[in-house]
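Next comes upload11.pdb, with PDB, C-alpha atoms.
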ATOM      1  CA  MET A   7       0.000   0.000   0.000
ATOM      2  CA  PHE A   8       1.641   3.216  -1.180
ATOM      3  CA  TYR A   9      -0.049   6.453  -0.113
ATOM      4  CA  GLY A  10      -3.417   4.779   0.126
ATOM      5  CA  VAL A  11      -3.068   2.902  -3.169
ATOM      6  CA  GLU A  12      -3.479  -0.819  -2.737
ATOM      7  CA  LEU A  13      -1.427  -2.924  -5.143
ATOM      8  CA  SER A  14      -1.359  -6.668  -5.555
ATOM      9  CA  SER A  15       2.129  -6.891  -7.104
ATOM     10  CA  ARG A  16       5.270  -6.328  -5.041
ATOM     11  CA  VAL A  17       7.406  -5.597  -8.092
ATOM     12  CA  LEU A  18       8.126  -2.079  -9.268
ATOM     13  CA  LEU A  19       9.878  -2.099 -12.608
ATOM     14  CA  GLY A  20      12.080   0.451 -14.331
ATOM     15  CA  THR A  21      11.572   1.062 -18.044
ATOM     16  CA  ALA A  22      15.139   1.917 -19.114
ATOM     17  CA  ARG A  23      17.832   0.003 -20.981
ATOM     18  CA  TYR A  24      15.697  -2.707 -22.618
ATOM     19  CA  PRO A  25      16.921  -4.002 -25.979
ATOM     20  CA  SER A  26      13.638  -2.977 -27.655
ATOM     21  CA  PRO A  27      10.227  -1.473 -26.849
ATOM     22  CA  LYS A  28       8.693  -4.896 -27.530
ATOM     23  CA  LEU A  29      10.852  -6.555 -24.862
ATOM     24  CA  LEU A  30      10.057  -3.717 -22.467
ATOM     25  CA  VAL A  31       6.345  -4.393 -22.849
ATOM     26  CA  GLU A  32       6.749  -8.153 -22.488
ATOM     27  CA  ALA A  33       9.003  -7.783 -19.451
ATOM     28  CA  ILE A  34       6.508  -5.505 -17.714
ATOM     29  CA  LYS A  35       3.780  -8.052 -18.333
ATOM     30  CA  ALA A  36       5.933 -10.990 -17.206
ATOM     31  CA  SER A  37       6.925  -9.185 -13.994
ATOM     32  CA  GLY A  38       3.319  -8.478 -13.087
ATOM     33  CA  ALA A  39       4.373  -4.948 -12.108
ATOM     34  CA  GLU A  40       1.523  -2.496 -11.595
ATOM     35  CA  VAL A  41       3.915   0.426 -11.138
ATOM     36  CA  VAL A  42       6.693   1.376 -13.551
ATOM     37  CA  THR A  43       9.234   4.139 -13.187
ATOM     38  CA  VAL A  44       9.645   6.781 -15.862
ATOM     39  CA  SER A  45      11.694   9.921 -16.303
ATOM     40  CA  LEU A  46      11.827  13.184 -18.179
ATOM     41  CA  ARG A  47      14.389  14.048 -20.794
ATOM     42  CA  ARG A  48      14.797  16.696 -23.447
ATOM     43  CA  GLU A  49      12.426  16.173 -26.350
ATOM     44  CA  ALA A  50      14.105  16.324 -29.728
ATOM     45  CA  GLY A  51      12.674  18.782 -32.233
ATOM     46  CA  PRO A  52      10.557  17.819 -35.244
ATOM     47  CA  GLU A  53      13.616  17.232 -37.447
ATOM     48  CA  SER A  54      14.652  14.145 -35.478
ATOM     49  CA  SER A  55      13.129  10.716 -35.949
ATOM     50  CA  GLY A  56      10.624   9.697 -33.329
ATOM     51  CA  ALA A  57      11.863   6.134 -32.821
ATOM     52  CA  ARG A  58      13.496   6.716 -29.471
ATOM     53  CA  GLY A  59      11.431   9.782 -28.744
ATOM     54  CA  GLY A  60       9.273  10.426 -25.737
ATOM     55  CA  GLN A  61       5.999  10.463 -27.641
ATOM     56  CA  SER A  62       6.106   6.826 -28.756
ATOM     57  CA  PHE A  63       7.434   5.675 -25.378
ATOM     58  CA  TRP A  64       4.557   7.382 -23.644
ATOM     59  CA  SER A  65       1.933   5.803 -25.871
ATOM     60  CA  ILE A  66       3.430   2.364 -25.113
ATOM     61  CA  ILE A  67       3.262   2.937 -21.349
ATOM     62  CA  ARG A  68      -0.267   4.303 -21.540
ATOM     63  CA  SER A  69      -1.425   1.295 -23.506
ATOM     64  CA  LEU A  70      -0.328  -0.983 -20.652
ATOM     65  CA  GLY A  71      -2.560   0.714 -18.103
ATOM     66  CA  VAL A  72       0.099   0.637 -15.383
ATOM     67  CA  ARG A  73       0.627   3.331 -12.788
ATOM     68  CA  VAL A  74       3.720   5.478 -13.321
ATOM     69  CA  LEU A  75       6.254   6.609 -10.750
ATOM     70  CA  PRO A  76       8.267   9.465 -12.271
ATOM     71  CA  ASN A  77      11.827   9.888 -11.013
ATOM     72  CA  THR A  78      14.206  12.772 -10.604
ATOM     73  CA  ALA A  79      17.160  10.704 -11.835
ATOM     74  CA  GLY A  80      20.358  12.580 -12.441
ATOM     75  CA  CYS A  81      19.422  15.545 -10.268
ATOM     76  CA  HIS A  82      22.294  16.772  -8.123
ATOM     77  CA  SER A  83      20.676  19.679  -6.317
ATOM     78  CA  VAL A  84      17.512  20.307  -4.339
ATOM     79  CA  LYS A  85      16.397  22.960  -6.819
ATOM     80  CA  GLU A  86      16.888  20.686  -9.807
ATOM     81  CA  ALA A  87      15.025  17.811  -8.126
ATOM     82  CA  VAL A  88      12.137  20.026  -7.012
ATOM     83  CA  THR A  89      11.754  21.593 -10.464
ATOM     84  CA  THR A  90      11.879  18.142 -12.066
ATOM     85  CA  ALA A  91       9.134  17.011  -9.689
ATOM     86  CA  HIS A  92       6.991  20.008 -10.702
ATOM     87  CA  ILE A  93       7.418  19.131 -14.355
ATOM     88  CA  ALA A  94       6.725  15.438 -13.716
ATOM     89  CA  ARG A  95       3.507  16.197 -11.847
ATOM     90  CA  GLU A  96       2.121  18.005 -14.874
ATOM     91  CA  MET A  97       3.493  15.567 -17.422
ATOM     92  CA  PHE A  98       2.318  12.388 -15.726
ATOM     93  CA  ASP A  99      -0.631  13.769 -13.791
ATOM     94  CA  THR A 100       0.407  12.121 -10.524
ATOM     95  CA  PRO A 101       1.497  13.366  -7.096
ATOM     96  CA  TRP A 102       3.927  10.423  -6.887
ATOM     97  CA  ILE A 103       7.612  11.177  -7.261
ATOM     98  CA  LYS A 104      10.639   8.924  -6.869
ATOM     99  CA  LEU A 105      12.977  11.462  -5.366
ATOM    100  CA  GLU A 106      16.641  11.099  -6.212
ATOM    101  CA  VAL A 107      19.230  13.673  -5.245
ATOM    102  CA  ILE A 108      22.570  12.225  -6.251
ATOM    103  CA  ARG A 109      25.863  13.217  -4.685
ATOM    104  CA  ASP A 110      28.495  10.906  -6.082
ATOM    105  CA  ASP A 111      28.710  10.025  -9.769
ATOM    106  CA  GLU A 112      30.737   6.837  -9.296
ATOM    107  CA  THR A 113      28.402   5.149  -6.814
ATOM    108  CA  LEU A 114      25.279   7.230  -7.541
ATOM    109  CA  GLN A 115      25.092   7.524  -3.788
ATOM    110  CA  PRO A 116      22.235   9.774  -2.697
ATOM    111  CA  ASP A 117      22.963  13.159  -1.165
ATOM    112  CA  VAL A 118      20.880  12.405   1.897
ATOM    113  CA  PHE A 119      21.019  15.978   3.177
ATOM    114  CA  GLY A 120      19.651  17.325  -0.105
ATOM    115  CA  LEU A 121      17.171  14.457  -0.183
ATOM    116  CA  VAL A 122      15.658  15.350   3.179
ATOM    117  CA  GLU A 123      15.472  19.021   2.213
ATOM    118  CA  ALA A 124      13.840  18.298  -1.164
ATOM    119  CA  ALA A 125      11.420  15.833   0.461
ATOM    120  CA  ARG A 126      10.319  18.484   2.933
ATOM    121  CA  VAL A 127       9.656  21.005   0.160
ATOM    122  CA  LEU A 128       7.766  18.529  -2.009
ATOM    123  CA  VAL A 129       5.615  17.076   0.786
ATOM    124  CA  GLU A 130       4.555  20.612   1.675
ATOM    125  CA  GLU A 131       3.535  21.107  -1.944
ATOM    126  CA  GLY A 132       1.344  18.022  -1.828
ATOM    127  CA  PHE A 133       3.650  15.484  -3.439
ATOM    128  CA  GLU A 134       3.713  11.863  -2.340
ATOM    129  CA  VAL A 135       7.414  11.229  -2.106
ATOM    130  CA  PHE A 136       9.228   7.914  -2.642
ATOM    131  CA  PRO A 137      12.763   8.801  -1.539
ATOM    132  CA  TYR A 138      15.701   6.850  -2.955
ATOM    133  CA  THR A 139      17.929   6.707   0.099
ATOM    134  CA  THR A 140      20.573   4.655   1.868
ATOM    135  CA  GLU A 141      19.811   2.227   4.694
ATOM    136  CA  ASP A 142      20.877   4.868   7.244
ATOM    137  CA  LEU A 143      18.365   4.816  10.072
ATOM    138  CA  ALA A 144      18.759   8.442  11.119
ATOM    139  CA  VAL A 145      18.266   9.670   7.557
ATOM    140  CA  ALA A 146      15.192   7.458   7.216
ATOM    141  CA  ASP A 147      13.860   8.967  10.412
ATOM    142  CA  ARG A 148      14.364  12.477   8.999
ATOM    143  CA  LEU A 149      12.573  11.485   5.798
ATOM    144  CA  VAL A 150       9.593  10.182   7.739
ATOM    145  CA  GLU A 151       9.657  13.360   9.818
ATOM    146  CA  ALA A 152       9.580  15.318   6.536
ATOM    147  CA  GLY A 153       6.385  13.492   5.601
ATOM    148  CA  CYS A 154       7.559  10.558   3.474
ATOM    149  CA  ARG A 155       5.225   7.581   3.869
ATOM    150  CA  VAL A 156       7.353   5.213   1.793
ATOM    151  CA  LEU A 157      11.106   4.634   2.069
ATOM    152  CA  MET A 158      13.255   3.189  -0.684
ATOM    153  CA  PRO A 159      16.702   2.236   0.609
ATOM    154  CA  TRP A 160      19.266   0.929  -1.846
ATOM    155  CA  GLY A 161      20.401  -2.684  -1.769
ATOM    156  CA  ALA A 162      23.625  -1.676  -3.502
ATOM    157  CA  PRO A 163      24.623   1.064  -5.967
ATOM    158  CA  ILE A 164      22.274   1.467  -8.954
ATOM    159  CA  GLY A 165      22.955  -1.060 -11.697
ATOM    160  CA  SER A 166      25.694  -2.837  -9.719
ATOM    161  CA  ALA A 167      23.924  -6.217  -9.373
ATOM    162  CA  ARG A 168      25.573  -6.746  -5.985
ATOM    163  CA  GLY A 169      22.427  -7.542  -4.036
ATOM    164  CA  LEU A 170      21.935  -6.547  -0.412
ATOM    165  CA  ASN A 171      25.190  -4.934   0.738
ATOM    166  CA  ASN A 172      24.075  -4.341   4.295
ATOM    167  CA  VAL A 173      21.540  -6.915   5.396
ATOM    168  CA  TYR A 174      21.927  -5.874   9.024
ATOM    169  CA  GLY A 175      21.151  -2.238   8.176
ATOM    170  CA  LEU A 176      18.114  -3.171   6.093
ATOM    171  CA  LYS A 177      16.881  -5.421   8.902
ATOM    172  CA  ALA A 178      17.275  -2.629  11.436
ATOM    173  CA  LEU A 179      15.316  -0.292   9.168
ATOM    174  CA  ARG A 180      12.479  -2.816   8.908
ATOM    175  CA  ALA A 181      12.411  -3.252  12.682
ATOM    176  CA  HIS A 182      12.448   0.509  13.259
ATOM    177  CA  PHE A 183       9.647   1.292  10.805
ATOM    178  CA  PRO A 184       7.147  -1.553  11.080
ATOM    179  CA  ASP A 185       4.346   0.509   9.541
ATOM    180  CA  ILE A 186       6.113   2.384   6.722
ATOM    181  CA  PRO A 187       6.148   0.600   3.355
ATOM    182  CA  LEU A 188       9.778  -0.233   2.583
ATOM    183  CA  VAL A 189      11.055  -0.920  -0.917
ATOM    184  CA  VAL A 190      14.552  -2.097  -1.759
ATOM    185  CA  ASP A 191      15.453   0.077  -4.706
ATOM    186  CA  ALA A 192      18.546  -0.531  -6.780
ATOM    187  CA  GLY A 193      21.525  -2.824  -6.858
ATOM    188  CA  LEU A 194      19.792  -6.180  -7.206
ATOM    189  CA  GLY A 195      21.228  -8.638  -9.694
ATOM    190  CA  VAL A 196      19.464 -11.976  -9.428
ATOM    191  CA  PRO A 197      16.106 -13.185  -8.114
ATOM    192  CA  SER A 198      17.638 -14.591  -4.913
ATOM    193  CA  HIS A 199      18.605 -11.020  -3.949
ATOM    194  CA  ALA A 200      14.974  -9.990  -4.269
ATOM    195  CA  ALA A 201      13.801 -13.045  -2.342
ATOM    196  CA  ALA A 202      16.239 -12.142   0.452
ATOM    197  CA  ALA A 203      14.816  -8.621   0.630
ATOM    198  CA  MET A 204      11.301  -9.981   0.867
ATOM    199  CA  GLU A 205      12.318 -12.499   3.548
ATOM    200  CA  LEU A 206      13.497  -9.523   5.644
ATOM    201  CA  GLY A 207       9.935  -8.265   5.553
ATOM    202  CA  TYR A 208      10.345  -5.624   2.861
ATOM    203  CA  ASP A 209       7.124  -4.691   1.119
ATOM    204  CA  ALA A 210       8.393  -4.588  -2.446
ATOM    205  CA  VAL A 211      11.462  -4.255  -4.631
ATOM    206  CA  LEU A 212      12.219  -1.874  -7.472
ATOM    207  CA  LEU A 213      14.203  -3.390 -10.340
ATOM    208  CA  ASN A 214      15.488  -2.216 -13.635
ATOM    209  CA  THR A 215      18.938  -3.146 -14.922
ATOM    210  CA  ALA A 216      18.835  -6.711 -13.573
ATOM    211  CA  VAL A 217      15.866  -7.361 -15.837
ATOM    212  CA  ALA A 218      16.565  -5.038 -18.764
ATOM    213  CA  GLU A 219      20.164  -6.146 -19.309
ATOM    214  CA  ALA A 220      19.629  -9.868 -18.692
ATOM    215  CA  GLY A 221      20.161 -12.103 -21.705
ATOM    216  CA  ASP A 222      16.429 -12.784 -21.711
ATOM    217  CA  PRO A 223      14.695  -9.856 -20.007
ATOM    218  CA  VAL A 224      11.246 -11.425 -20.190
ATOM    219  CA  ALA A 225      12.284 -14.694 -18.519
ATOM    220  CA  MET A 226      14.249 -12.739 -15.911
ATOM    221  CA  ALA A 227      11.228 -10.553 -15.160
ATOM    222  CA  LYS A 228       9.187 -13.681 -14.534
ATOM    223  CA  ALA A 229      11.976 -15.210 -12.394
ATOM    224  CA  PHE A 230      12.070 -12.097 -10.214
ATOM    225  CA  ALA A 231       8.295 -12.119  -9.862
ATOM    226  CA  LEU A 232       8.368 -15.715  -8.630
ATOM    227  CA  ALA A 233      11.246 -15.034  -6.224
ATOM    228  CA  ILE A 234       9.488 -12.004  -4.801
ATOM    229  CA  GLU A 235       6.325 -13.981  -4.243
ATOM    230  CA  ALA A 236       8.297 -16.821  -2.636
ATOM    231  CA  GLY A 237      10.247 -14.441  -0.399
ATOM    232  CA  ARG A 238       7.102 -12.710   0.773
ATOM    233  CA  MET A 239       5.408 -16.014   1.482
ATOM    234  CA  ALA A 240       8.450 -17.127   3.471
ATOM    235  CA  PHE A 241       8.422 -13.933   5.523
ATOM    236  CA  ALA A 242       4.738 -14.389   6.317
ATOM    237  CA  ALA A 243       5.467 -17.988   7.315
ATOM    238  CA  LYS A 244       7.950 -16.759   9.989
ATOM    239  CA  PRO A 245      11.377 -18.181   9.065
ATOM    240  CA  LEU A 246      13.579 -20.034  11.513
ATOM    241  CA  GLU A 247      16.247 -17.929  13.243
ATOM    242  CA  PRO A 248      19.823 -19.015  12.438
ATOM    243  CA  ARG A 249      21.598 -20.701  15.365
ATOM    244  CA  ASP A 250      25.159 -21.682  16.080
ATOM    245  CA  MET A 251      24.767 -25.347  16.991
ATOM    246  CA  ALA A 252      23.214 -28.268  15.175
ATOM    247  CA  VAL A 253      19.733 -29.311  16.212
ATOM    248  CA  PRO A 254      18.791 -32.830  15.113
ATOM    249  CA  SER A 255      15.649 -32.804  13.040
ATOM    250  CA  THR A 256      15.009 -36.512  13.548
ATOM    251  CA  PRO A 257      13.707 -37.304  17.063
ATOM    252  CA  VAL A 258      16.390 -38.646  19.433
ATOM    253  CA  LEU A 259      13.864 -40.113  21.838
ATOM    254  CA  GLY A 260      12.989 -43.709  21.073
ATOM    255  CA  LYS A 261      16.057 -44.412  18.982
ATOM    256  CA  ALA A 262      16.807 -48.148  19.033
ATOM    257  CA  ALA A 263      19.965 -49.088  20.989
ATOM    258  CA  LEU A 264      21.998 -50.748  18.290
ATOM    259  CA  GLY A 265      25.521 -49.811  19.377
ATOM    260  CA  ASP A 266      27.883 -51.963  21.432
TER     261      ASP A 266
ATOM    262  CA  MET B 146      15.817  37.413 -30.946
ATOM    263  CA  ARG B 147      18.100  34.689 -29.686
ATOM    264  CA  ILE B 148      16.936  31.991 -27.300
ATOM    265  CA  TYR B 149      18.271  28.607 -26.243
ATOM    266  CA  VAL B 150      16.079  25.522 -26.642
ATOM    267  CA  ASN B 151      17.375  22.404 -24.927
ATOM    268  CA  GLY B 152      20.843  23.893 -25.102
ATOM    269  CA  ASP B 153      20.699  24.800 -28.809
ATOM    270  CA  GLN B 154      20.760  28.402 -29.915
ATOM    271  CA  ARG B 155      17.709  29.431 -31.990
ATOM    272  CA  GLU B 156      16.595  32.656 -33.656
ATOM    273  CA  ILE B 157      12.885  33.410 -33.315
ATOM    274  CA  GLU B 158      10.557  36.356 -33.621
ATOM    275  CA  PRO B 159       9.609  37.861 -30.266
ATOM    276  CA  ALA B 160       6.839  35.655 -28.932
ATOM    277  CA  THR B 161       5.207  33.971 -25.986
ATOM    278  CA  LEU B 162       6.380  30.544 -24.888
ATOM    279  CA  ALA B 163       3.229  28.998 -26.348
ATOM    280  CA  LEU B 164       3.821  30.536 -29.794
ATOM    281  CA  ALA B 165       7.519  29.691 -29.732
ATOM    282  CA  LEU B 166       6.754  26.017 -29.013
ATOM    283  CA  GLY B 167       4.462  25.913 -32.030
ATOM    284  CA  ALA B 168       7.038  27.628 -34.239
ATOM    285  CA  LEU B 169       9.726  25.204 -33.112
ATOM    286  CA  GLY B 170       7.610  22.180 -34.037
ATOM    287  CA  TYR B 171       6.506  21.058 -30.587
ATOM    288  CA  GLY B 172       2.839  21.871 -31.198
ATOM    289  CA  GLY B 173       0.539  19.003 -30.266
ATOM    290  CA  LYS B 174       3.299  17.003 -28.609
ATOM    291  CA  LYS B 175       3.192  15.869 -24.993
ATOM    292  CA  VAL B 176       5.886  18.075 -23.573
ATOM    293  CA  ALA B 177       6.485  20.097 -20.443
ATOM    294  CA  THR B 178       8.479  23.275 -20.203
ATOM    295  CA  ALA B 179      10.858  25.178 -18.001
ATOM    296  CA  LEU B 180      12.092  28.705 -18.540
ATOM    297  CA  ASN B 181      15.437  29.720 -17.066
ATOM    298  CA  GLY B 182      15.314  26.837 -14.612
ATOM    299  CA  ARG B 183      11.730  27.355 -13.485
ATOM    300  CA  PHE B 184       8.788  25.152 -14.359
ATOM    301  CA  VAL B 185       6.166  26.848 -16.549
ATOM    302  CA  PRO B 186       2.809  25.028 -16.339
ATOM    303  CA  ALA B 187       1.109  24.450 -19.665
ATOM    304  CA  PRO B 188      -1.755  26.913 -18.957
ATOM    305  CA  ALA B 189       0.801  29.663 -18.242
ATOM    306  CA  ARG B 190       2.681  29.336 -21.546
ATOM    307  CA  ALA B 191       0.403  31.691 -23.457
ATOM    308  CA  ALA B 192       1.014  34.469 -20.938
ATOM    309  CA  THR B 193       4.770  33.883 -20.694
ATOM    310  CA  GLN B 194       6.599  36.423 -22.848
ATOM    311  CA  LEU B 195      10.079  35.361 -23.933
ATOM    312  CA  SER B 196      13.087  37.663 -23.751
ATOM    313  CA  ASP B 197      16.398  37.683 -25.536
ATOM    314  CA  GLY B 198      18.783  35.106 -24.066
ATOM    315  CA  ASP B 199      16.069  32.994 -22.433
ATOM    316  CA  LYS B 200      16.869  29.355 -21.831
ATOM    317  CA  ILE B 201      13.967  27.004 -22.505
ATOM    318  CA  GLU B 202      13.863  23.326 -21.626
ATOM    319  CA  VAL B 203      11.320  21.177 -23.458
ATOM    320  CA  VAL B 204      11.028  17.706 -21.982
ATOM    321  CA  ALA B 205       8.989  14.602 -22.702
ATOM    322  CA  PRO B 206       8.300  11.265 -20.992
ATOM    323  CA  MET B 207      11.303   8.992 -21.233
ATOM    324  CA  GLN B 208      12.477   5.586 -20.050
ATOM    325  CA  GLY B 209      13.680   5.649 -16.455
ATOM    326  CA  GLY B 210      14.675   3.469 -13.553
TER     327      GLY B 210
END

Could you write out this file's structure as structure tokens?
Amino acid sequence: MFYGVELSSRVLLGTARYPSPKLLVEAIKASGAEVVTVSLRREAGPESSGARGGQSFWSIIRSLGVRVLPNTAGCHSVKEAVTTAHIAREMFDTPWIKLEVIRDDETLQPDVFGLVEAARVLVEEGFEVFPYTTEDLAVADRLVEAGCRVLMPWGAPIGSARGLNNVYGLKALRAHFPDIPLVVDAGLGVPSHAAAAMELGYDAVLLNTAVAEAGDPVAMAKAFALAIEAGRMAFAAKPLEPRDMAVPSTPVLGKAALGD
Amino acid sequence: MRIYVNGDQREIEPATLALALGALGYGGKKVATALNGRFVPAPARAATQLSDGDKIEVVAPMQGG
């Protein structure tokens, strides 16, 4: 449930870097995603061909009937991110915004100070903010204080396929915010990463590169969907806590005395 | 007068943002606009007079993660 919107799928899917529009459409369908992320970029003038243009992309997304979550990808300042959010609200007719304020170009690590500031501004203007953040608990607390009702900590740097870099931190975040929807956004590589996030009790995962740049994006989208469902089911089934010593699963009591 | 559209220098007759968009071939397209770093809502384009040296951004929906 994001800002009062009930969804049945726990997959949020990015729309970038697919080999073709056809594979994008099929991957979205295979993932079962009801929310896809989109962005804003300069529109080429009439002299350019429309093949990669925004107009045809938009008609594809609209035809799928999915909800869109516009991002502020590539924004490095609060002003830039806030202005991008204003533009996105008009363009996509939604108060939802995936807020990214990036500090470091190598790791695409969020500028959490700018993020909190931009979140505060946008919440006051009526936006429903999905902040792309780190697993830092204090920052998350500030974001919630600013009015965010969803948190999207990274698993690992965007596009890195490393999985969950700090399981302990993500676990702590879940424990600290039992009632805030939490989404692992970025850094996942394979379905087991997504299953692990769901087993921690996360509400959803946001994927893009792991699906789009797989050898078979459609099959990978389906594989992630299954893993996410399995992970969620496992979380609900209350997994066993790891322990240091062996515990025999076969009953010891009643074992026949067959030794010397 | 000289303006900048998505970073490219263009020569246009003095106009409003709405008229300039039409003249530049963006008429009828799903685009959003910013003028000198500030968002200009679509309904405000007709009343937004451009000045020499203005920087216009014209953006459209695009793939994103």

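Among the candidate residues B:Gly209, B:Gly152, B:Gly167, B:Pro188, the one lying nearest to chain A is B:Gly209, with distances computed using all atoms listed in the file.
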
Practice item. Could you list, as JSON, numbers by chain, the residues of chain B having an atom within 8 Å of chain A when counting only C-alpha atoms? Key: {"B": [151, 169, 170, 171, 174, 175, 176, 177, 178, 179, 182, 183, 184, 186, 202, 203, 204, 205, 206, 207, 208, 209, 210]}

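When you apply the PyMOL selection byres ((chain A and resi 223) around 9) to this structure, what comes back is A:Tyr24, A:Pro25, A:Leu29, A:Leu30, A:Glu32, A:Ala33, A:Ala216, A:Val217, A:Ala218, A:Glu219, A:Ala220, A:Gly221, A:Asp222, A:Val224, A:Ala225, A:Met226, A:Ala227, A:Lys228.
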
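Atom pair atom CA of Ala236 of chain A / atom CA of Leu70 of chain A: separated by 25.5 Å.
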
Practice item. Would you list the contacts of Phe136 of chain A as a PyMOL selection string, taking every protein, DNA or RNA residue within 7 Å and counting only C-alpha atoms, but skipping same-chain residues closer than 3 positions in sequence? Key: chain A and resi 103-105+154+156-158

Exercise for review: Would you work out the distance separating atom CA of Val211 of chain A from atom CA of Leu188 of chain A, expressed in Å to one decimal?
Suggested key: 8.4 Å

Practice item. Quick one: pull the distance between atom CA of Gly120 of chain A and atom CA of Trp160 of chain A, Å, one decimal. Key: 16.5 Å

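With all atoms listed in the file as the basis for measurement, A:Ala229 is the residue among A:Pro137, A:Thr256, A:Ala229, A:Arg249 that approaches Ala201 of chain A most closely.
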
Practice item. Run the PyMOL selection byres ((chain A and resi 114) around 12) against the file shown and list the residues it catches, as number ranges by chain. Key: A: 79-82, 106-113, 115-118, 138-140, 160, 162-166, 192-193

Would you compute, for all listed atoms of segment 223-240 of chain A, the axis-aligned bounding box grown by 4 Å on each side, and then report its centre and edge lengths in Å rounded to one decimal, as AutoDock Vina command-line options?
--center_x 10.1 --center_y -13.5 --center_z -8.4 --size_x 17.3 --size_y 15.3 --size_z 31.7
